[in-house]
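Here the structure comes first, spelled out in structure tokens, and everything after it is commentary.
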Amino acid sequence: MKIIQVTSKKEQKKYIDFRKEILGKNTPFVDNDIFMIKDLFKGKTSFTNGKQVDVVYVEEAGKILCEGMIVYTEKLPEYIQLSFFVSRENVPEAVQMLLDTVTETGKRYGCTRMVVGLNGHVNYGLGLLASGYEKKNSFAAAINPAYFHGYFKGFEEYTMSSYKIARISDQMDRYAALFRKVEKNYTFRTFDKKHFERDAKVYTDLNNKCFNRHRYYYPRTYQEDIEMLKELFLFMKEDSLIFAYDGEEPVAFIMWYPDYNELAKPGEAFGAKHFIRKILCKNKLETAKVMEYGVLEEYRTVGMPLVLIHQVSLIVKEKYPGITKGETSWVMDQNEDSAGFCRAVCDDVNKRFVVYEKEIS
């Protein structure tokens with residue numbers, strides 16, 4: 001049994017094929033991360049900018065047993081990350097070899113903690129799936145079988161939840177008076193592709209201001225978000241990113257999109273063919289997914305988070321007649337403001353997720 005550093009095209013293909021084997025065929029999952037991993041191997045993504053990334057797998061007799069990416073960034077110097085972890089069942093010795101490699105790498109960089117489930121940056125993914133394994137995941141949600149968790153016994157756990165709304169219109173009707181009161185004080189506009197870099201910078205600046213105290217968050221660069229948004233806008237429309245302004249000052253945003261995984265079959269890796277399905281099957285999409293929202297601290301008590309959801313509902317009602325349901329991305333359970341808001345506005349928890357941490361010093 002040995003650790004392999006993935007460098008050659010043959011090793012890269014083997015790495016991807018193993019991921020497809022474990023998370024693809026005979027599973028209900030849709031893999032939304034393969035396209036980014038392929039871009040990383042081709043050098044076409046800024047994912048590695050400002051980071052040290054070692055792509056590795058553990059093999060025995062030519063057969064991969066587990067794999068992942070070891071990620072370090074000076075912007076989050078306390079942590080060494082094990083990202084995009086995938087493993088066979090019942091291979092504890094192989095996983096321990098991988099964890100030992102992560103630990104030794106972290107010590108070289110002066111890290112004091114390991115985190116499992118953070119994929120480079122929270123904007124690229126956070127957490128391992130911890131419930132609802134039998135259901136297809138929504139777009140960009142974590143996927144993994146239940147047995148992954150057994151490999152991280154003794155780690156500290158930080159839990160997260162996603163939430164669902166059975167009927168968006170019913171929930172919005174409950175708060176009509178609040179919308180009338182609050183929305184008259186602000187203006188709202190959607191992303192403008194004609195001024196792509198300008199609006200991408202507004203998005204980056206709001207992220208860095210709104211999430212500066214969020215666990216695992218570290219500042220994004222303009223170039224990183226320009227690239228990420230260009231990829232997302234292959235599917236998203238301009239109305240998927242909405243900004244709120246107080247006069248001339250941007251104070252909040254919300255990013256949402258139809259759940260494009262509804263276009264994919266279980267076991268598929270998301271890719272170009274789903275772009276065609278999106279054009280042909282637009283009106284068959286049923287769920288709006290709120291990927292993230294951010295509100296400057298001084299505007300969080302005026303009802304802005306709920307108003308942002310209302311802005312999404314207005315667009316859905318006008319342009320997406322088939323969409324009636326809503327779902328959020330993960331929300332950290334320790335973030336009482338956001339978790340409390342979701343519990344108040346949504347109907348129920350949709351799925352659970354967990355991030356693992358451990359001291360390595």
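Just so we're on the same page: first chain in the structure tokens is A, next is B, and so on; residues restart at 1 for each chain, and ligands are numbered from 1 in the order they show up.
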
All strand (DSSP E or B) positions in region 82-115 of chain A, as number ranges by chain: A: 82-87, 113-115

Test item, helix (DSSP H, G or I) assignment across region 25-253 of chain A, answer as a ChimeraX atom specification: /A:34-42,46-48,92-108,122-124,146-152,168-174,176-183,193-210,222-232,238-240

Shell around region 350-355 of chain A at 12 Å using only C-alpha atoms, local window under 5 positions removed, as a ChimeraX atom specification: /A:81-83,85,114-119,122,125-138,141-144,146,148-149,152,155-166,215-216,289,326-334,342-343

Emit the selected residues as an mmCIF file, in the first residue's frame, including C-alpha atoms.
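As written to disk, part.cif reads:
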```cif
data_model
loop_
_atom_site.group_PDB
_atom_site.id
_atom_site.type_symbol
_atom_site.label_atom_id
_atom_site.label_comp_id
_atom_site.auth_asym_id
_atom_site.auth_seq_id
_atom_site.Cartn_x
_atom_site.Cartn_y
_atom_site.Cartn_z
ATOM 1 C CA GLN A 81 -7.407 20.712 4.345
ATOM 2 C CA LEU A 82 -8.374 17.271 3.104
ATOM 3 C CA SER A 83 -10.629 18.166 0.187
ATOM 4 C CA PHE A 85 -12.212 12.960 -0.110
ATOM 5 C CA MET A 114 -6.768 19.459 9.975
ATOM 6 C CA VAL A 115 -10.168 20.079 8.418
ATOM 7 C CA VAL A 116 -11.978 17.461 6.350
ATOM 8 C CA GLY A 117 -14.725 18.579 3.983
ATOM 9 C CA LEU A 118 -13.521 22.079 3.106
ATOM 10 C CA ASN A 119 -12.830 22.139 -0.628
ATOM 11 C CA VAL A 122 -16.253 27.616 1.285
ATOM 12 C CA GLY A 125 -17.836 23.352 -1.138
ATOM 13 C CA LEU A 126 -18.065 22.573 2.548
ATOM 14 C CA GLY A 127 -19.099 19.484 4.454
ATOM 15 C CA LEU A 128 -19.801 15.796 4.017
ATOM 16 C CA LEU A 129 -23.382 14.657 3.493
ATOM 17 C CA ALA A 130 -24.786 13.276 6.763
ATOM 18 C CA SER A 131 -28.415 12.419 5.885
ATOM 19 C CA GLY A 132 -30.677 11.787 2.901
ATOM 20 C CA TYR A 133 -28.246 9.438 1.170
ATOM 21 C CA GLU A 134 -31.094 7.854 -0.777
ATOM 22 C CA LYS A 135 -32.105 11.121 -2.479
ATOM 23 C CA LYS A 136 -30.582 12.889 -5.452
ATOM 24 C CA ASN A 137 -28.626 15.946 -4.356
ATOM 25 C CA SER A 138 -29.470 19.446 -5.481
ATOM 26 C CA ALA A 141 -24.602 19.937 -2.736
ATOM 27 C CA ALA A 142 -22.158 17.477 -1.167
ATOM 28 C CA ILE A 143 -22.388 13.787 -2.045
ATOM 29 C CA ASN A 144 -20.969 10.715 -0.323
ATOM 30 C CA ALA A 146 -22.709 7.119 4.860
ATOM 31 C CA PHE A 148 -17.272 7.931 4.921
ATOM 32 C CA HIS A 149 -18.040 9.238 8.406
ATOM 33 C CA PHE A 152 -13.245 10.338 11.165
ATOM 34 C CA PHE A 155 -12.605 14.344 15.167
ATOM 35 C CA GLU A 156 -14.539 17.407 16.301
ATOM 36 C CA GLU A 157 -17.778 17.867 14.361
ATOM 37 C CA TYR A 158 -19.294 21.098 13.032
ATOM 38 C CA THR A 159 -22.784 20.467 11.719
ATOM 39 C CA MET A 160 -24.744 22.162 8.976
ATOM 40 C CA SER A 161 -28.265 21.930 7.574
ATOM 41 C CA SER A 162 -30.043 22.770 4.361
ATOM 42 C CA TYR A 163 -33.721 23.713 4.431
ATOM 43 C CA LYS A 164 -36.707 23.360 2.115
ATOM 44 C CA ILE A 165 -39.861 25.308 1.302
ATOM 45 C CA ALA A 166 -42.820 23.274 0.052
ATOM 46 C CA ARG A 215 -15.906 29.915 10.064
ATOM 47 C CA TYR A 216 -13.432 28.854 7.331
ATOM 48 C CA LYS A 289 -32.046 26.807 -4.830
ATOM 49 C CA GLY A 326 -37.415 26.221 -2.613
ATOM 50 C CA GLU A 327 -34.226 24.867 -1.050
ATOM 51 C CA THR A 328 -31.239 26.459 0.644
ATOM 52 C CA SER A 329 -27.604 25.539 0.521
ATOM 53 C CA TRP A 330 -25.887 24.511 3.763
ATOM 54 C CA VAL A 331 -26.144 26.748 6.796
ATOM 55 C CA MET A 332 -23.872 26.181 9.792
ATOM 56 C CA ASP A 333 -25.958 25.231 12.809
ATOM 57 C CA GLN A 334 -23.731 27.351 15.054
ATOM 58 C CA CYS A 342 -34.135 29.476 7.875
ATOM 59 C CA ARG A 343 -36.101 27.693 10.580
#
```

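Distance annotation: of A:Leu285, A:Val55, A:Leu23, A:Val295, the residue with the minimal separation from Ile37 (chain A) is A:Val55; atom set is only C-alpha atoms.
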
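If only C-alpha atoms are the atoms counted, then among A:Val91, A:Cys111, A:Val307, A:Val53 the closest residue to Leu76 (chain A) is A:Cys111.
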
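Of note, CA of Asp192 (chain A) and CA of Gly303 (chain A) are spaced 25.2 Å apart.
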